[in-house]
Each structure stands twice: as structure tokens, then as C-alpha cells.
$ cat input.cif   # mmCIF, N, CA and C atoms
data_query
loop_
_atom_site.label_atom_id
_atom_site.label_comp_id
_atom_site.auth_asym_id
_atom_site.auth_seq_id
_atom_site.Cartn_x
_atom_site.Cartn_y
_atom_site.Cartn_z
N GLN I 1 -3.79 -14.20 30.33
CA GLN I 1 -2.56 -13.42 30.20
C GLN I 1 -1.92 -13.75 28.85
N VAL I 2 -1.65 -12.71 28.08
CA VAL I 2 -1.08 -12.90 26.76
C VAL I 2 0.36 -13.39 26.87
N HIS I 3 0.70 -14.35 26.02
CA HIS I 3 2.07 -14.86 25.96
C HIS I 3 2.39 -15.18 24.52
N LEU I 4 3.47 -14.59 24.02
CA LEU I 4 3.87 -14.78 22.62
C LEU I 4 5.33 -15.22 22.59
N VAL I 5 5.61 -16.30 21.88
CA VAL I 5 6.96 -16.84 21.82
C VAL I 5 7.36 -16.98 20.36
N GLU I 6 8.33 -16.18 19.96
CA GLU I 6 8.83 -16.21 18.59
C GLU I 6 10.06 -17.10 18.49
N SER I 7 10.23 -17.75 17.34
CA SER I 7 11.40 -18.59 17.11
C SER I 7 11.68 -18.69 15.62
N GLY I 8 12.85 -19.23 15.29
CA GLY I 8 13.18 -19.48 13.90
C GLY I 8 14.18 -18.53 13.28
N GLY I 9 14.58 -17.50 14.00
CA GLY I 9 15.54 -16.56 13.46
C GLY I 9 16.93 -17.17 13.36
N GLY I 10 17.84 -16.39 12.79
CA GLY I 10 19.21 -16.86 12.67
C GLY I 10 20.01 -15.98 11.74
N LEU I 11 21.19 -16.48 11.41
CA LEU I 11 22.10 -15.79 10.50
C LEU I 11 22.02 -16.45 9.13
N VAL I 12 21.79 -15.67 8.11
CA VAL I 12 21.65 -16.21 6.76
C VAL I 12 22.30 -15.25 5.77
N GLN I 13 22.78 -15.79 4.68
CA GLN I 13 23.36 -14.96 3.64
C GLN I 13 22.25 -14.31 2.80
N ALA I 14 22.58 -13.19 2.20
CA ALA I 14 21.63 -12.52 1.31
C ALA I 14 21.16 -13.50 0.25
N GLY I 15 19.85 -13.47 -0.01
CA GLY I 15 19.25 -14.40 -0.95
C GLY I 15 18.71 -15.66 -0.30
N GLY I 16 19.03 -15.87 0.96
CA GLY I 16 18.58 -17.05 1.67
C GLY I 16 17.16 -16.92 2.20
N SER I 17 16.76 -17.96 2.94
CA SER I 17 15.39 -18.03 3.46
C SER I 17 15.39 -18.41 4.93
N LEU I 18 14.37 -17.99 5.62
CA LEU I 18 14.10 -18.40 7.00
C LEU I 18 12.59 -18.49 7.18
N ARG I 19 12.19 -19.32 8.12
CA ARG I 19 10.78 -19.42 8.48
C ARG I 19 10.64 -19.16 9.97
N LEU I 20 9.92 -18.12 10.30
CA LEU I 20 9.69 -17.76 11.69
C LEU I 20 8.36 -18.34 12.16
N SER I 21 8.32 -18.67 13.45
CA SER I 21 7.10 -19.16 14.07
C SER I 21 6.79 -18.34 15.31
N CYS I 22 5.52 -18.22 15.62
CA CYS I 22 5.10 -17.53 16.83
C CYS I 22 3.96 -18.29 17.46
N ALA I 23 4.19 -18.79 18.67
CA ALA I 23 3.17 -19.51 19.41
C ALA I 23 2.50 -18.55 20.38
N ALA I 24 1.19 -18.51 20.33
CA ALA I 24 0.43 -17.59 21.16
C ALA I 24 -0.40 -18.35 22.19
N SER I 25 -0.53 -17.77 23.37
CA SER I 25 -1.41 -18.32 24.39
C SER I 25 -2.02 -17.15 25.17
N GLY I 26 -3.11 -17.48 25.87
CA GLY I 26 -3.75 -16.44 26.67
C GLY I 26 -4.67 -15.53 25.88
N ILE I 27 -4.87 -15.84 24.61
CA ILE I 27 -5.79 -15.06 23.78
C ILE I 27 -6.65 -16.03 22.99
N ILE I 28 -7.79 -15.53 22.51
CA ILE I 28 -8.60 -16.35 21.61
C ILE I 28 -8.01 -16.16 20.24
N PHE I 29 -7.02 -16.99 19.94
CA PHE I 29 -6.16 -16.77 18.78
C PHE I 29 -6.97 -16.70 17.49
N SER I 30 -7.95 -17.58 17.37
CA SER I 30 -8.63 -17.73 16.08
C SER I 30 -9.38 -16.48 15.65
N ILE I 31 -9.72 -15.60 16.57
CA ILE I 31 -10.49 -14.41 16.19
C ILE I 31 -9.61 -13.17 16.07
N ASN I 32 -8.33 -13.34 16.38
CA ASN I 32 -7.43 -12.19 16.32
C ASN I 32 -6.75 -12.09 14.97
N ALA I 33 -6.70 -10.87 14.42
CA ALA I 33 -5.79 -10.62 13.33
C ALA I 33 -4.40 -10.53 13.93
N MET I 34 -3.43 -11.15 13.28
CA MET I 34 -2.07 -11.20 13.81
C MET I 34 -1.09 -10.60 12.83
N GLY I 35 0.02 -10.14 13.33
CA GLY I 35 1.01 -9.55 12.46
C GLY I 35 2.42 -9.88 12.90
N TRP I 36 3.32 -9.74 11.96
CA TRP I 36 4.75 -9.79 12.25
C TRP I 36 5.31 -8.37 12.15
N TYR I 37 6.03 -7.99 13.17
CA TYR I 37 6.66 -6.69 13.24
C TYR I 37 8.18 -6.89 13.28
N ARG I 38 8.92 -5.86 12.97
CA ARG I 38 10.36 -5.94 13.12
C ARG I 38 10.90 -4.59 13.59
N GLN I 39 12.03 -4.68 14.27
CA GLN I 39 12.70 -3.48 14.74
C GLN I 39 14.19 -3.62 14.48
N ALA I 40 14.70 -2.76 13.63
CA ALA I 40 16.13 -2.73 13.34
C ALA I 40 16.80 -1.75 14.29
N PRO I 41 18.09 -1.91 14.50
CA PRO I 41 18.81 -0.99 15.41
C PRO I 41 18.61 0.46 15.01
N GLY I 42 18.24 1.28 15.98
CA GLY I 42 18.07 2.71 15.73
C GLY I 42 16.80 3.09 14.99
N LYS I 43 15.94 2.13 14.74
CA LYS I 43 14.71 2.40 14.00
C LYS I 43 13.49 2.03 14.82
N GLN I 44 12.35 2.58 14.43
CA GLN I 44 11.10 2.24 15.11
C GLN I 44 10.60 0.86 14.66
N ARG I 45 9.85 0.24 15.51
CA ARG I 45 9.22 -1.02 15.16
C ARG I 45 8.21 -0.78 14.05
N GLU I 46 8.19 -1.68 13.08
CA GLU I 46 7.26 -1.53 11.96
C GLU I 46 6.54 -2.85 11.69
N LEU I 47 5.34 -2.74 11.19
CA LEU I 47 4.56 -3.92 10.80
C LEU I 47 5.00 -4.33 9.40
N VAL I 48 5.37 -5.60 9.23
CA VAL I 48 5.79 -6.06 7.91
C VAL I 48 4.75 -6.96 7.25
N ALA I 49 3.92 -7.64 8.03
CA ALA I 49 2.91 -8.51 7.43
C ALA I 49 1.79 -8.74 8.42
N GLY I 50 0.58 -8.86 7.92
CA GLY I 50 -0.57 -9.12 8.77
C GLY I 50 -1.48 -10.15 8.15
N ILE I 51 -2.25 -10.85 8.99
CA ILE I 51 -3.19 -11.83 8.51
C ILE I 51 -4.44 -11.77 9.38
N THR I 52 -5.58 -11.71 8.74
CA THR I 52 -6.84 -11.63 9.48
C THR I 52 -7.25 -13.02 9.97
N SER I 53 -8.29 -13.06 10.77
CA SER I 53 -8.80 -14.34 11.25
C SER I 53 -9.27 -15.20 10.09
N GLY I 54 -9.69 -14.56 9.01
CA GLY I 54 -10.17 -15.29 7.84
C GLY I 54 -9.09 -15.63 6.84
N GLY I 55 -7.86 -15.19 7.10
CA GLY I 55 -6.75 -15.56 6.23
C GLY I 55 -6.35 -14.51 5.21
N SER I 56 -7.00 -13.36 5.19
CA SER I 56 -6.57 -12.28 4.28
C SER I 56 -5.25 -11.71 4.79
N THR I 57 -4.38 -11.38 3.84
CA THR I 57 -3.04 -10.94 4.21
C THR I 57 -2.73 -9.55 3.67
N ASN I 58 -1.79 -8.89 4.31
CA ASN I 58 -1.28 -7.61 3.83
C ASN I 58 0.20 -7.53 4.17
N TYR I 59 0.92 -6.81 3.34
CA TYR I 59 2.37 -6.74 3.48
C TYR I 59 2.87 -5.32 3.30
N ALA I 60 3.95 -5.01 4.00
CA ALA I 60 4.67 -3.77 3.73
C ALA I 60 5.28 -3.85 2.33
N ASP I 61 5.39 -2.72 1.68
CA ASP I 61 5.94 -2.71 0.32
C ASP I 61 7.35 -3.30 0.28
N SER I 62 8.09 -3.11 1.35
CA SER I 62 9.49 -3.55 1.37
C SER I 62 9.64 -5.06 1.36
N VAL I 63 8.59 -5.80 1.71
CA VAL I 63 8.70 -7.27 1.76
C VAL I 63 7.74 -7.96 0.81
N LYS I 64 6.91 -7.20 0.14
CA LYS I 64 5.90 -7.78 -0.75
C LYS I 64 6.57 -8.63 -1.82
N GLY I 65 6.06 -9.83 -2.02
CA GLY I 65 6.62 -10.73 -3.02
C GLY I 65 7.75 -11.60 -2.49
N ARG I 66 8.25 -11.30 -1.29
CA ARG I 66 9.34 -12.07 -0.71
C ARG I 66 8.92 -12.79 0.56
N PHE I 67 8.03 -12.18 1.34
CA PHE I 67 7.58 -12.74 2.61
C PHE I 67 6.15 -13.26 2.46
N THR I 68 5.85 -14.34 3.19
CA THR I 68 4.49 -14.88 3.22
C THR I 68 4.10 -15.18 4.66
N ILE I 69 3.00 -14.59 5.09
CA ILE I 69 2.48 -14.86 6.44
C ILE I 69 1.37 -15.89 6.34
N SER I 70 1.33 -16.77 7.33
CA SER I 70 0.27 -17.78 7.38
C SER I 70 -0.04 -18.08 8.84
N ARG I 71 -1.11 -18.83 9.07
CA ARG I 71 -1.49 -19.13 10.44
C ARG I 71 -2.10 -20.52 10.51
N ASP I 72 -1.96 -21.13 11.68
CA ASP I 72 -2.58 -22.42 11.97
C ASP I 72 -3.37 -22.23 13.26
N ASN I 73 -4.67 -22.03 13.14
CA ASN I 73 -5.49 -21.74 14.33
C ASN I 73 -5.54 -22.93 15.28
N ALA I 74 -5.40 -24.13 14.77
CA ALA I 74 -5.42 -25.31 15.63
C ALA I 74 -4.20 -25.36 16.55
N LYS I 75 -3.12 -24.72 16.10
CA LYS I 75 -1.88 -24.71 16.88
C LYS I 75 -1.62 -23.35 17.53
N ASN I 76 -2.55 -22.41 17.37
CA ASN I 76 -2.35 -21.06 17.90
C ASN I 76 -1.00 -20.49 17.47
N THR I 77 -0.67 -20.69 16.20
CA THR I 77 0.65 -20.31 15.71
C THR I 77 0.52 -19.51 14.41
N VAL I 78 1.38 -18.51 14.30
CA VAL I 78 1.47 -17.72 13.08
C VAL I 78 2.90 -17.84 12.56
N TYR I 79 3.03 -17.89 11.25
CA TYR I 79 4.33 -18.11 10.61
C TYR I 79 4.68 -16.95 9.69
N LEU I 80 5.98 -16.82 9.44
CA LEU I 80 6.45 -15.88 8.43
C LEU I 80 7.54 -16.56 7.62
N GLN I 81 7.22 -16.88 6.38
CA GLN I 81 8.21 -17.42 5.47
C GLN I 81 8.90 -16.26 4.77
N MET I 82 10.21 -16.20 4.92
CA MET I 82 10.98 -15.09 4.36
C MET I 82 11.95 -15.64 3.32
N ASN I 83 11.78 -15.21 2.09
CA ASN I 83 12.64 -15.63 0.99
C ASN I 83 13.39 -14.42 0.43
N SER I 84 14.42 -14.70 -0.33
CA SER I 84 15.20 -13.63 -0.98
C SER I 84 15.59 -12.55 0.02
N LEU I 85 16.09 -12.98 1.15
CA LEU I 85 16.41 -12.04 2.23
C LEU I 85 17.51 -11.07 1.82
N LYS I 86 17.39 -9.85 2.35
CA LYS I 86 18.34 -8.79 2.06
C LYS I 86 18.97 -8.30 3.36
N PRO I 87 20.15 -7.70 3.30
CA PRO I 87 20.76 -7.18 4.53
C PRO I 87 19.83 -6.21 5.27
N GLU I 88 19.02 -5.47 4.55
CA GLU I 88 18.11 -4.52 5.20
C GLU I 88 16.95 -5.20 5.93
N ASP I 89 16.83 -6.50 5.80
CA ASP I 89 15.84 -7.25 6.58
C ASP I 89 16.35 -7.59 7.98
N THR I 90 17.61 -7.29 8.24
CA THR I 90 18.19 -7.55 9.56
C THR I 90 17.43 -6.78 10.63
N ALA I 91 16.94 -7.50 11.63
CA ALA I 91 16.12 -6.88 12.69
C ALA I 91 15.73 -7.96 13.69
N ILE I 92 15.14 -7.52 14.78
CA ILE I 92 14.45 -8.44 15.69
C ILE I 92 13.00 -8.50 15.22
N TYR I 93 12.50 -9.70 15.05
CA TYR I 93 11.14 -9.91 14.57
C TYR I 93 10.23 -10.34 15.71
N TYR I 94 9.07 -9.72 15.77
CA TYR I 94 8.09 -9.98 16.82
C TYR I 94 6.74 -10.29 16.16
N CYS I 95 5.93 -11.06 16.87
CA CYS I 95 4.54 -11.18 16.44
C CYS I 95 3.66 -10.52 17.50
N ASN I 96 2.48 -10.12 17.09
CA ASN I 96 1.51 -9.52 17.99
C ASN I 96 0.22 -9.35 17.20
N ALA I 97 -0.81 -8.95 17.90
CA ALA I 97 -2.06 -8.66 17.21
C ALA I 97 -1.86 -7.42 16.33
N GLU I 98 -2.68 -7.30 15.32
CA GLU I 98 -2.64 -6.09 14.51
C GLU I 98 -4.06 -5.77 14.05
N PRO I 99 -4.43 -4.53 13.80
CA PRO I 99 -3.55 -3.38 13.79
C PRO I 99 -3.21 -2.81 15.17
N LEU I 100 -3.89 -3.26 16.21
CA LEU I 100 -3.60 -2.76 17.55
C LEU I 100 -2.92 -3.85 18.36
N PRO I 101 -1.61 -3.79 18.50
CA PRO I 101 -0.91 -4.85 19.23
C PRO I 101 -1.23 -4.82 20.72
N TYR I 102 -1.13 -5.98 21.35
CA TYR I 102 -1.25 -6.06 22.80
C TYR I 102 -0.10 -5.30 23.45
N GLU I 103 -0.31 -4.88 24.66
CA GLU I 103 0.75 -4.20 25.41
C GLU I 103 1.94 -5.14 25.62
N TYR I 104 1.66 -6.41 25.78
CA TYR I 104 2.71 -7.42 25.96
C TYR I 104 3.41 -7.69 24.64
N TRP I 105 4.75 -7.73 24.68
CA TRP I 105 5.57 -8.15 23.55
C TRP I 105 6.47 -9.29 23.99
N GLY I 106 6.63 -10.28 23.15
CA GLY I 106 7.56 -11.36 23.44
C GLY I 106 9.00 -10.91 23.28
N GLN I 107 9.91 -11.86 23.39
CA GLN I 107 11.33 -11.56 23.28
C GLN I 107 11.75 -11.28 21.84
N GLY I 108 10.97 -11.79 20.91
CA GLY I 108 11.36 -11.63 19.52
C GLY I 108 12.40 -12.66 19.11
N THR I 109 12.69 -12.68 17.83
CA THR I 109 13.72 -13.56 17.30
C THR I 109 14.60 -12.76 16.33
N GLN I 110 15.90 -12.88 16.51
CA GLN I 110 16.86 -12.08 15.74
C GLN I 110 17.06 -12.69 14.36
N VAL I 111 16.93 -11.85 13.35
CA VAL I 111 17.25 -12.24 11.97
C VAL I 111 18.41 -11.35 11.51
N THR I 112 19.48 -11.99 11.09
CA THR I 112 20.64 -11.26 10.60
C THR I 112 20.96 -11.76 9.19
N VAL I 113 21.00 -10.83 8.24
CA VAL I 113 21.28 -11.19 6.85
C VAL I 113 22.60 -10.56 6.45
N SER I 114 23.54 -11.41 6.10
CA SER I 114 24.87 -10.92 5.71
C SER I 114 24.93 -10.71 4.19
N SER I 115 25.72 -9.75 3.80
CA SER I 115 25.84 -9.45 2.36
C SER I 115 26.97 -10.25 1.72
#
$ encode --input "input.cif" --output "C-alpha cells"
Amino acid sequence: QVHLVESGGGLVQAGGSLRLSCAASGIIFSINAMGWYRQAPGKQRELVAGITSGGSTNYADSVKGRFTISRDNAKNTVYLQMNSLKPEDTAIYYCNAEPLPYEYWGQGTQVTVSS
């Protein structure tokens, strides 16, 4: 049974940084490509960063150069380092497999960036 637990969100001023973590269980983590998604109020959920089992990464244009995704297969954990945060980064952040996410979604972690 898939279980994803996101953490690390919070309130930060524009220009600040946060590091999100996602602990996964119930999947063979090491062979899954994983991604970080976000959903802002009134908007659809979008993929912001992905990482393959081999460590190749991809980013949405809106976060390229500011966000870095990484993974630790020994800990079944995927991370998102977010720097130079902007108010438009405010959203609930989720992790899941990508490009096809599991039906199960965790609670997510709220990121709020004040101007």
C-alpha cells in the first residue's frame, strides 16, 4: 500500500529558502521516478520537478534555477530544495511518482511565501 508523507513546509519571506522532504513506503522506491507537485488555491496541481531512478532531473520553467530535487534511495526519501522563493510559489506541495502519479496522494505540506 502506497504511503507518502511530506514535510518541511512553512512560512517564509520572499527570497528565502525551504527544504521539503517526502518519505515513501509501500513502493519499490529505488525504481520509481519521483516528482514534486504543487497546487495553489484555485489552480490545478502541476509538476514542478522530477527525478528518475538514475538521478536525472527535470524542472518546470517557473522553478528552474531556483529549485533542486534529489533523492536518497537508502532512506526512501525525495527532497526539494527551494531557494529564492517567490510569493507565486505559495501552494501545497506533494510528492508522488511521475510522470504517472499513484492514485494515492499524501497530505502535502503547505508553503507560504510572503512578499
$ residues_around --input "input.cif" --residues "stretch 33-37 of chain I" --least-positions-apart "3" --cutoff "6 Å" --atoms "only C-alpha atoms" --output "MDAnalysis selection string"
chainID I and resid 46:53 93:98
$ atom_distance --input "input.cif" --atom1 "atom C of I:Asp72" --atom2 "atom C of I:Ser30"
8.7 Å
$ resolve_selection --input "input.cif" --expression "the PyMOL selection byres (((chain I and resi 5-17 and name CA) around 6) and name CA)" --output "list in words"
Leu4, Leu18, Arg19, Leu20, Ser21, Cys22, Ala23, Met82, Asn83, Ser84, Leu85, Lys86, Gly106, Gly108, Thr109, Gln110, Val111, Thr112, Val113, Ser114 and Ser115 of chain I
$ atom_distance --input "input.cif" --atom1 "atom CA of I:Gln81" --atom2 "atom C of I:Gln1"
25.7 Å
$ closest_residue --input "input.cif" --among "I:Pro87, I:Ile69, I:Ala60, I:Asn32" --to "I:Pro99" --atoms "only N, CA and C atoms"
I:Asn32
$ atom_distance --input "input.cif" --atom1 "atom C of I:Ile28" --atom2 "atom C of I:Val78"
13.4 Å
$ select_by_dssp --input "input.cif" --residues "chain I" --states "helix (DSSP H, G or I)" --output "list of chain:residue names"
I:Phe29, I:Ser30, I:Ile31, I:Asn73, I:Ala74, I:Lys75, I:Pro87, I:Glu88, I:Asp89
$ residues_near_point --input "input.cif" --point "(-6.0, -16.2, 24.7)" --cutoff "9 Å" --atoms "only C-alpha atoms" --output "list in words"
Gln1, Val2, His3, Ala24, Ser25, Gly26, Ile27, Ile28 and Phe29 of chain I
$ write_last_selection --input "input.cif" --atoms "N, CA and C atoms" --output "PDB file, in the frame of the given file"
ATOM      1  N   GLN I   1      -3.790 -14.200  30.330  1.00  0.00           N
ATOM      2  CA  GLN I   1      -2.560 -13.420  30.200  1.00  0.00           C
ATOM      3  C   GLN I   1      -1.920 -13.750  28.850  1.00  0.00           C
ATOM      4  N   VAL I   2      -1.650 -12.710  28.080  1.00  0.00           N
ATOM      5  CA  VAL I   2      -1.080 -12.900  26.760  1.00  0.00           C
ATOM      6  C   VAL I   2       0.360 -13.390  26.870  1.00  0.00           C
ATOM      7  N   HIS I   3       0.700 -14.350  26.020  1.00  0.00           N
ATOM      8  CA  HIS I   3       2.070 -14.860  25.960  1.00  0.00           C
ATOM      9  C   HIS I   3       2.390 -15.180  24.520  1.00  0.00           C
ATOM     10  N   ALA I  24       1.190 -18.510  20.330  1.00  0.00           N
ATOM     11  CA  ALA I  24       0.430 -17.590  21.160  1.00  0.00           C
ATOM     12  C   ALA I  24      -0.400 -18.350  22.190  1.00  0.00           C
ATOM     13  N   SER I  25      -0.530 -17.770  23.370  1.00  0.00           N
ATOM     14  CA  SER I  25      -1.410 -18.320  24.390  1.00  0.00           C
ATOM     15  C   SER I  25      -2.020 -17.150  25.170  1.00  0.00           C
ATOM     16  N   GLY I  26      -3.110 -17.480  25.870  1.00  0.00           N
ATOM     17  CA  GLY I  26      -3.750 -16.440  26.670  1.00  0.00           C
ATOM     18  C   GLY I  26      -4.670 -15.530  25.880  1.00  0.00           C
ATOM     19  N   ILE I  27      -4.870 -15.840  24.610  1.00  0.00           N
ATOM     20  CA  ILE I  27      -5.790 -15.060  23.780  1.00  0.00           C
ATOM     21  C   ILE I  27      -6.650 -16.030  22.990  1.00  0.00           C
ATOM     22  N   ILE I  28      -7.790 -15.530  22.510  1.00  0.00           N
ATOM     23  CA  ILE I  28      -8.600 -16.350  21.610  1.00  0.00           C
ATOM     24  C   ILE I  28      -8.010 -16.160  20.240  1.00  0.00           C
ATOM     25  N   PHE I  29      -7.020 -16.990  19.940  1.00  0.00           N
ATOM     26  CA  PHE I  29      -6.160 -16.770  18.780  1.00  0.00           C
ATOM     27  C   PHE I  29      -6.970 -16.700  17.490  1.00  0.00           C
TER      28      PHE I  29
END
$ select_by_dssp --input "input.cif" --residues "stretch 7-99 of chain I" --states "strand (DSSP E or B)" --output "PyMOL selection string"
chain I and resi 7+10-13+18-25+34-39+46-51+57-59+67-72+77-82+91-97
$ decode --input "input.cif" --residues "stretch 51-77 of chain I" --atoms "N, CA, C and O atoms" --output "short mmCIF file (atom, residue, chain, number, x, y, z; two decimals), in the first residue's frame"
data_model
loop_
_atom_site.label_atom_id
_atom_site.label_comp_id
_atom_site.auth_asym_id
_atom_site.auth_seq_id
_atom_site.Cartn_x
_atom_site.Cartn_y
_atom_site.Cartn_z
N ILE I 51 12.61 13.45 -10.79
CA ILE I 51 13.91 12.81 -10.76
C ILE I 51 13.73 11.33 -11.08
O ILE I 51 12.86 10.67 -10.51
N THR I 52 14.53 10.84 -11.99
CA THR I 52 14.44 9.44 -12.38
C THR I 52 15.14 8.55 -11.36
O THR I 52 15.83 9.03 -10.45
N SER I 53 14.99 7.26 -11.53
CA SER I 53 15.68 6.31 -10.64
C SER I 53 17.19 6.48 -10.74
O SER I 53 17.91 6.25 -9.77
N GLY I 54 17.66 6.92 -11.89
CA GLY I 54 19.09 7.11 -12.10
C GLY I 54 19.60 8.48 -11.71
O GLY I 54 20.80 8.75 -11.80
N GLY I 55 18.71 9.36 -11.29
CA GLY I 55 19.12 10.67 -10.81
C GLY I 55 19.00 11.80 -11.82
O GLY I 55 19.34 12.95 -11.50
N SER I 56 18.51 11.54 -13.02
CA SER I 56 18.28 12.63 -13.98
C SER I 56 17.10 13.46 -13.50
O SER I 56 16.12 12.92 -12.99
N THR I 57 17.22 14.77 -13.70
CA THR I 57 16.20 15.68 -13.17
C THR I 57 15.57 16.52 -14.28
O THR I 57 16.15 16.72 -15.35
N ASN I 58 14.37 16.99 -14.00
CA ASN I 58 13.70 17.93 -14.89
C ASN I 58 12.88 18.89 -14.04
O ASN I 58 12.45 18.52 -12.94
N TYR I 59 12.72 20.09 -14.55
CA TYR I 59 12.06 21.15 -13.79
C TYR I 59 11.09 21.93 -14.66
O TYR I 59 11.30 22.11 -15.87
N ALA I 60 10.03 22.41 -14.04
CA ALA I 60 9.16 23.37 -14.70
C ALA I 60 9.94 24.66 -14.91
O ALA I 60 10.81 25.01 -14.09
N ASP I 61 9.62 25.36 -15.98
CA ASP I 61 10.33 26.61 -16.28
C ASP I 61 10.24 27.61 -15.13
O ASP I 61 11.18 28.37 -14.87
N SER I 62 9.12 27.58 -14.42
CA SER I 62 8.89 28.57 -13.37
C SER I 62 9.81 28.39 -12.17
O SER I 62 9.97 29.32 -11.37
N VAL I 63 10.43 27.22 -12.02
CA VAL I 63 11.29 26.98 -10.85
C VAL I 63 12.72 26.66 -11.25
O VAL I 63 13.59 26.52 -10.37
N LYS I 64 12.99 26.57 -12.52
CA LYS I 64 14.33 26.20 -13.00
C LYS I 64 15.36 27.21 -12.48
O LYS I 64 15.15 28.42 -12.55
N GLY I 65 16.45 26.69 -11.94
CA GLY I 65 17.50 27.54 -11.40
C GLY I 65 17.29 27.93 -9.95
O GLY I 65 18.21 28.46 -9.32
N ARG I 66 16.11 27.66 -9.41
CA ARG I 66 15.81 28.01 -8.01
C ARG I 66 15.56 26.78 -7.16
O ARG I 66 15.89 26.78 -5.97
N PHE I 67 14.97 25.74 -7.74
CA PHE I 67 14.63 24.51 -7.02
C PHE I 67 15.57 23.39 -7.44
O PHE I 67 15.98 23.31 -8.60
N THR I 68 15.88 22.51 -6.49
CA THR I 68 16.69 21.33 -6.78
C THR I 68 16.05 20.11 -6.14
O THR I 68 15.82 20.09 -4.93
N ILE I 69 15.78 19.11 -6.96
CA ILE I 69 15.22 17.85 -6.46
C ILE I 69 16.35 16.85 -6.31
O ILE I 69 17.30 16.82 -7.11
N SER I 70 16.26 16.04 -5.26
CA SER I 70 17.25 14.99 -5.04
C SER I 70 16.57 13.82 -4.35
O SER I 70 15.42 13.93 -3.91
N ARG I 71 17.27 12.71 -4.26
CA ARG I 71 16.67 11.53 -3.64
C ARG I 71 17.74 10.74 -2.90
O ARG I 71 18.93 10.76 -3.25
N ASP I 72 17.28 10.02 -1.88
CA ASP I 72 18.14 9.11 -1.12
C ASP I 72 17.42 7.76 -1.12
O ASP I 72 16.48 7.56 -0.35
N ASN I 73 17.85 6.87 -1.99
CA ASN I 73 17.15 5.58 -2.12
C ASN I 73 17.29 4.73 -0.86
O ASN I 73 16.41 3.93 -0.55
N ALA I 74 18.35 4.91 -0.12
CA ALA I 74 18.53 4.14 1.11
C ALA I 74 17.50 4.53 2.17
O ALA I 74 17.15 3.72 3.04
N LYS I 75 17.01 5.77 2.07
CA LYS I 75 16.03 6.26 3.04
C LYS I 75 14.62 6.34 2.44
O LYS I 75 13.70 6.83 3.11
N ASN I 76 14.46 5.91 1.20
CA ASN I 76 13.17 6.01 0.52
C ASN I 76 12.61 7.43 0.62
O ASN I 76 11.41 7.64 0.90
N THR I 77 13.47 8.41 0.40
CA THR I 77 13.09 9.80 0.59
C THR I 77 13.50 10.64 -0.63
O THR I 77 14.58 10.44 -1.18
#
